[in-house]
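Heads up, the thing below is written out as structure tokens.
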Amino acid sequence: MPMNKFNFTLPAAGKWLALLSCSMLFACSTAPTSTPASSPSNTITLSGNASYLQRIAMPPEAVLTVQVEDVSRADAPAIVLAKQQIPFNARQVPLAYSINIDSALVDPKHSYTIRATISVADKLRFTTTQHYPVLTPGASNQVDLLLQMVAAAPDSAEKPPSTLTNTRWKLTELNGKPVSMAPNQREEIHITLASDKPSVSGFSGCNRMIGGYELDGDHLKFSQLAGTMMACVSPMMENESEFVKTLAHTTSYRISGEQLTLFSNQTVIARFSALYLK
């Protein structure tokens, strides 16, 4: 059998191999490539319930506002990292909240708190007075918030006497000297005495403060006063120290209308006025 029956020329074979190589190269070059999906940013979730102890029903238009604040700088207003507003509608307390915070916004060297308010038609009805630290080592991401009632301004010109407990008392005079806010102070010095338990809380000029109290008639004594450890610029630090020391010397009190006076024996050591927030 002649060998040229199955013979093919080298040029034809070269063309076939070149075509095959080109086809394979084209297939490789046009194959779709997959791009890894970007991972979502890490978030920190703070959640819990907000409530108050008074047996008062809120109207449907009431709104619970929960916000997380950076309170690291005493000489500047708090920075709001996140805020959630929850309408009451047909619900009552406790109301659940859940706030997501981008972890990239959290500085481990800073101090953060979570606070809440309840408003009706833009009028403040309840607010947290206790310091609730979050986003710091040892702080829980599950925080239940207890709100205190804010004294409401009466509509009539005749205002009934304020009560010692459940009233936010703003400091107006300390050891015979009038008190005003320092230029960089973020809020007024104030205290609130809870009625359901013998505890006092408030703001002492630089830090949040808590403590206990003993009440017997018009005899009043504060005890175990403590606060956060934030450093402040002068004169806020000095004013805070004097205020806390003065509270510790209280022996009695007197209320006249909207004015609260504290005594050490027979000496007036501090005066307050009922703080109405609208």
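Letters for chains follow the order of the structure tokens (A, B, ...), residue numbers begin at 1 for each chain, and ligand numbers begin at 1 in the order shown.
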Please provide as a compact mmCIF listing (two decimals) with C-alpha atoms, in the first residue's frame all residues within 8 Å of stretch 269-276 of chain A, with the sequence filter that same-chain residues fewer than 4 positions apart are discarded (counting only C-alpha atoms).
```
# COMPACT_ATOMS: atom_id res chain seq x y z
CA VAL A 150 -38.85 65.44 84.21
CA ALA A 151 -40.79 68.05 86.16
CA ALA A 152 -43.31 69.66 83.82
CA ALA A 153 -43.89 73.40 83.93
CA SER A 162 -41.72 71.12 93.84
CA THR A 167 -37.28 66.66 90.46
CA ARG A 168 -34.22 67.75 88.54
CA TRP A 169 -32.58 70.37 90.77
CA LYS A 170 -30.22 72.85 89.11
CA LEU A 171 -27.48 74.36 91.28
CA THR A 172 -27.74 78.18 91.47
CA GLU A 173 -25.64 79.03 94.53
CA LEU A 174 -22.77 77.27 96.31
CA ASN A 175 -21.37 78.42 99.66
CA GLY A 176 -22.78 81.91 99.19
CA THR A 246 -20.47 70.53 100.03
CA THR A 250 -25.62 68.45 104.12
CA GLU A 258 -39.40 75.91 93.15
CA GLN A 259 -36.35 76.57 95.32
CA LEU A 260 -34.39 73.95 97.25
CA THR A 261 -32.00 75.04 100.01
CA LEU A 262 -29.45 72.75 101.66
CA PHE A 263 -28.11 73.39 105.14
CA SER A 264 -25.12 72.24 107.14
```
Could you give me, as CSV, a per-residue list for stretch 135-187 of chain A showing, wherever an atom lies at most 9 Å from an atom of stretch 104-117 of chain A, the closest pair of atoms and their distance in Å to one decimal, using only C-alpha atoms and sorting by chain then residue number from low to high?
```
residue,atom,partner,partner_atom,distance
A:Leu135,CA,A:Tyr112,CA,6.2
A:Thr136,CA,A:Pro108,CA,6.5
A:Pro137,CA,A:Pro108,CA,7.9
A:Val143,CA,A:Ile114,CA,8.5
A:Leu145,CA,A:Ala116,CA,7.3
A:Leu146,CA,A:Ala116,CA,8.6
A:Leu147,CA,A:Ala116,CA,7.2
```
Taking a cut-off of 12 Å and counting only C-alpha atoms, can you build a table that, for each residue of stretch 97-139 of chain A near stretch 187-198 of chain A, reports the nearest atom pair and how far apart they are in Å (one decimal), sorted by chain then residue number, as CSV?
```
residue,atom,partner,partner_atom,distance
A:Thr127,CA,A:Thr192,CA,11.2
A:Thr128,CA,A:Thr192,CA,10.6
A:Thr129,CA,A:Thr192,CA,7.6
A:Gln130,CA,A:Thr192,CA,9.8
```
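Shortest atom-to-atom contact with A:Ala90 among A:Phe203, A:Thr251, A:Pro60, A:Ser241: A:Pro60, counting only C-alpha atoms.
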So that I can check the surroundings of stretch 220-230 of chain A, please list as a ChimeraX atom specification every protein, DNA and RNA residue that reaches within 9 Å of it, counting only C-alpha atoms and ignoring chain neighbours fewer than 2 positions away.
/A:72-74,111,131,199-200,203-204,206-218,232,244,247-253,262-263
Residue subset to file, keeping C-alpha atoms, as a short mmCIF file (atom, residue, chain, number, x, y, z; two decimals), in the first residue's frame:
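Now in selection25.cif:
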```
data_model
loop_
_atom_site.label_atom_id
_atom_site.label_comp_id
_atom_site.auth_asym_id
_atom_site.auth_seq_id
_atom_site.Cartn_x
_atom_site.Cartn_y
_atom_site.Cartn_z
CA SER A 72 -14.34 61.98 76.01
CA ARG A 73 -13.82 65.74 75.75
CA ALA A 74 -15.06 67.73 78.71
CA SER A 111 -15.34 57.24 76.66
CA HIS A 131 -24.36 57.19 83.49
CA SER A 199 -30.25 57.15 95.45
CA VAL A 200 -29.07 60.45 94.00
CA PHE A 203 -23.93 65.99 86.86
CA SER A 204 -21.32 67.61 89.12
CA CYS A 206 -17.26 67.60 84.97
CA ASN A 207 -18.47 64.04 85.60
CA ARG A 208 -21.66 62.09 86.12
CA MET A 209 -22.24 61.38 89.79
CA ILE A 210 -24.20 58.85 91.82
CA GLY A 211 -24.67 58.18 95.52
CA GLY A 212 -27.16 57.50 98.25
CA TYR A 213 -29.16 59.62 100.68
CA GLU A 214 -30.95 59.30 104.03
CA LEU A 215 -34.15 61.24 104.63
CA ASP A 216 -35.92 61.74 107.97
CA GLY A 217 -38.43 64.59 107.94
CA ASP A 218 -36.43 67.65 106.88
CA CYS A 232 -11.58 68.57 83.07
CA VAL A 244 -19.28 67.19 95.94
CA LEU A 247 -23.13 67.88 99.38
CA ALA A 248 -21.37 65.57 101.83
CA HIS A 249 -21.85 68.17 104.61
CA THR A 250 -25.62 68.45 104.12
CA THR A 251 -27.70 67.92 107.28
CA SER A 252 -31.15 69.27 106.30
CA TYR A 253 -33.14 70.88 103.51
CA LEU A 262 -29.45 72.75 101.66
CA PHE A 263 -28.11 73.39 105.14
#
```
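Between atom CA of A:Ala57 and atom CA of A:Gln84 there is a distance of 21.1 Å.
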Quick one: pick out all strand (DSSP E or B) residues within stretch 19-227 of chain A from a backbone DSSP run and write them as a ChimeraX atom specification.
/A:43-51,63-70,79-87,95-102,112-120,123-128,133-134,142,145-149,165,168-174,177-178,190-193,199-203,208-216,219-227
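In this structure, atom CA of A:Pro77 sits 25.3 Å away from atom CA of A:Gly48.
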Hey, can you check how far atom CA of A:Val68 sits from atom CA of A:Val179?
29.2 Å
Alpha helix (DSSP H) residues, from DSSP on the backbone, in stretch 86-242 of chain A, as a VMD selection string
chain A and resid 236 to 242
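Shortest separation to A:Arg186 among A:Val66, A:Val268, A:Val71, A:Leu46 occurs at residue A:Val71, atoms counted being only C-alpha atoms.
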So that I can check the surroundings of A:Thr43, please list as an MDAnalysis selection string every protein, DNA and RNA residue that reaches within 9 Å of it, counting only C-alpha atoms and ignoring chain neighbours fewer than 4 positions away.
chainID A and resid 100:104
Writing out the chosen residues with C-alpha atoms as a short mmCIF file (atom, residue, chain, number, x, y, z; two decimals), in the first residue's frame:
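Saved as selection-v6.cif:
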```cif
data_model
loop_
_atom_site.label_atom_id
_atom_site.label_comp_id
_atom_site.auth_asym_id
_atom_site.auth_seq_id
_atom_site.Cartn_x
_atom_site.Cartn_y
_atom_site.Cartn_z
CA ASN A 100 -25.73 49.43 65.13
CA ILE A 101 -22.43 51.32 65.28
CA ASP A 102 -19.58 51.09 62.79
CA SER A 103 -16.61 49.76 64.75
CA ALA A 104 -14.34 52.05 62.75
#
```
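Close contacts of A:Glu61, defined as residues with an atom at most 12 Å away when counting only C-alpha atoms, with chain neighbours fewer than 3 positions off set aside, comprise A:Ala57, A:Met58, A:Leu64, A:Gln85, A:Ile86, A:Pro87, A:Phe88, A:Asn89, A:Ala90, A:Arg91, A:Gln92, A:Ile118, A:Ser119, A:Val120, A:Ala121, A:Asp122, A:Lys123.
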Using only all heavy atoms, please write the residues we just selected to a file, as a short mmCIF file (atom, residue, chain, number, x, y, z; two decimals), in the first residue's frame.
```
data_model
loop_
_atom_site.label_atom_id
_atom_site.label_comp_id
_atom_site.auth_asym_id
_atom_site.auth_seq_id
_atom_site.Cartn_x
_atom_site.Cartn_y
_atom_site.Cartn_z
N ALA A 57 -49.21 56.12 81.44
CA ALA A 57 -49.27 55.66 80.05
C ALA A 57 -48.90 56.80 79.12
O ALA A 57 -49.30 57.95 79.32
CB ALA A 57 -50.66 55.15 79.72
N MET A 58 -48.10 56.49 78.10
CA MET A 58 -47.71 57.48 77.11
C MET A 58 -48.71 57.48 75.95
O MET A 58 -49.21 56.42 75.57
CB MET A 58 -46.31 57.17 76.58
CG MET A 58 -45.17 57.48 77.54
SD MET A 58 -44.90 59.26 77.79
CE MET A 58 -45.72 59.50 79.38
N LEU A 64 -39.57 57.61 71.85
CA LEU A 64 -38.37 57.25 72.60
C LEU A 64 -37.15 57.50 71.70
O LEU A 64 -37.10 57.02 70.57
CB LEU A 64 -38.40 55.78 73.01
CG LEU A 64 -37.08 55.20 73.55
CD1 LEU A 64 -36.74 55.79 74.91
CD2 LEU A 64 -37.15 53.68 73.63
N GLN A 85 -34.85 56.59 66.94
CA GLN A 85 -36.11 57.14 67.43
C GLN A 85 -37.21 56.11 67.23
O GLN A 85 -37.39 55.61 66.11
CB GLN A 85 -36.44 58.46 66.73
CG GLN A 85 -35.49 59.59 67.11
CD GLN A 85 -35.91 60.92 66.53
OE1 GLN A 85 -36.16 61.02 65.33
NE2 GLN A 85 -35.98 61.94 67.35
N ILE A 86 -37.94 55.82 68.31
CA ILE A 86 -38.93 54.75 68.29
C ILE A 86 -40.29 55.33 68.74
O ILE A 86 -40.45 55.70 69.91
CB ILE A 86 -38.52 53.60 69.23
CG1 ILE A 86 -37.11 53.10 68.87
CG2 ILE A 86 -39.53 52.47 69.18
CD1 ILE A 86 -36.54 52.13 69.87
N PRO A 87 -41.27 55.43 67.85
CA PRO A 87 -42.60 55.89 68.24
C PRO A 87 -43.28 54.86 69.16
O PRO A 87 -43.13 53.66 68.97
CB PRO A 87 -43.35 56.02 66.91
CG PRO A 87 -42.28 56.00 65.86
CD PRO A 87 -41.16 55.19 66.41
N PHE A 88 -44.03 55.35 70.13
CA PHE A 88 -44.75 54.44 71.02
C PHE A 88 -45.91 53.77 70.29
O PHE A 88 -46.17 52.59 70.48
CB PHE A 88 -45.28 55.22 72.23
CG PHE A 88 -44.33 55.28 73.38
CD1 PHE A 88 -43.13 55.97 73.28
CD2 PHE A 88 -44.61 54.64 74.58
CE1 PHE A 88 -42.25 56.04 74.33
CE2 PHE A 88 -43.73 54.69 75.65
CZ PHE A 88 -42.54 55.40 75.53
N ASN A 89 -46.64 54.55 69.48
CA ASN A 89 -47.85 54.04 68.83
C ASN A 89 -48.79 53.46 69.91
O ASN A 89 -49.19 54.18 70.80
CB ASN A 89 -47.50 53.02 67.76
CG ASN A 89 -46.71 53.66 66.63
OD1 ASN A 89 -46.96 54.81 66.28
ND2 ASN A 89 -45.76 52.94 66.06
N ALA A 90 -49.12 52.17 69.85
CA ALA A 90 -50.03 51.59 70.84
C ALA A 90 -49.28 50.89 71.96
O ALA A 90 -49.91 50.25 72.81
CB ALA A 90 -50.98 50.62 70.16
N ARG A 91 -47.95 51.01 71.99
CA ARG A 91 -47.16 50.28 72.97
C ARG A 91 -46.88 51.13 74.21
O ARG A 91 -47.08 52.35 74.21
CB ARG A 91 -45.83 49.83 72.36
CG ARG A 91 -45.99 48.88 71.18
CD ARG A 91 -44.65 48.63 70.51
NE ARG A 91 -44.12 49.86 69.94
CZ ARG A 91 -42.91 49.95 69.37
NH1 ARG A 91 -42.13 48.90 69.33
NH2 ARG A 91 -42.50 51.11 68.84
N GLN A 92 -46.42 50.46 75.27
CA GLN A 92 -45.98 51.12 76.49
C GLN A 92 -44.62 50.52 76.88
O GLN A 92 -44.17 49.55 76.29
CB GLN A 92 -47.00 50.95 77.62
CG GLN A 92 -48.35 51.59 77.33
CD GLN A 92 -48.27 53.10 77.18
OE1 GLN A 92 -47.46 53.76 77.83
NE2 GLN A 92 -49.11 53.65 76.30
N ILE A 118 -37.75 60.48 76.46
CA ILE A 118 -39.09 60.29 75.93
C ILE A 118 -39.73 61.66 75.82
O ILE A 118 -39.78 62.42 76.80
CB ILE A 118 -39.94 59.37 76.84
CG1 ILE A 118 -39.35 57.96 76.87
CG2 ILE A 118 -41.39 59.33 76.34
CD1 ILE A 118 -40.06 57.03 77.85
N SER A 119 -40.21 61.99 74.62
CA SER A 119 -40.82 63.29 74.37
C SER A 119 -42.21 63.11 73.80
O SER A 119 -42.50 62.13 73.11
CB SER A 119 -39.97 64.10 73.38
OG SER A 119 -38.66 64.30 73.88
N VAL A 120 -43.06 64.09 74.10
CA VAL A 120 -44.41 64.14 73.55
C VAL A 120 -44.61 65.53 72.96
O VAL A 120 -44.51 66.52 73.68
CB VAL A 120 -45.49 63.86 74.62
CG1 VAL A 120 -46.88 63.95 74.00
CG2 VAL A 120 -45.28 62.50 75.25
N ALA A 121 -44.83 65.60 71.66
CA ALA A 121 -44.98 66.88 70.96
C ALA A 121 -43.78 67.79 71.26
O ALA A 121 -43.94 68.98 71.57
CB ALA A 121 -46.29 67.55 71.36
N ASP A 122 -42.59 67.22 71.18
CA ASP A 122 -41.32 67.95 71.38
C ASP A 122 -41.13 68.44 72.81
O ASP A 122 -40.22 69.25 73.07
CB ASP A 122 -41.21 69.14 70.42
CG ASP A 122 -41.11 68.69 68.97
OD1 ASP A 122 -40.54 67.61 68.73
OD2 ASP A 122 -41.61 69.41 68.09
N LYS A 123 -41.94 67.98 73.74
CA LYS A 123 -41.76 68.33 75.15
C LYS A 123 -41.19 67.12 75.88
O LYS A 123 -41.72 66.02 75.80
CB LYS A 123 -43.08 68.75 75.78
CG LYS A 123 -43.60 70.08 75.26
CD LYS A 123 -44.84 70.52 76.02
CE LYS A 123 -45.31 71.88 75.53
NZ LYS A 123 -46.54 72.34 76.26
#
```
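Distance annotation: of A:Asn42, A:Thr65, A:Ser234, A:Gln142, the residue with the minimal separation from A:Gln185 is A:Ser234; atom set is only C-alpha atoms.
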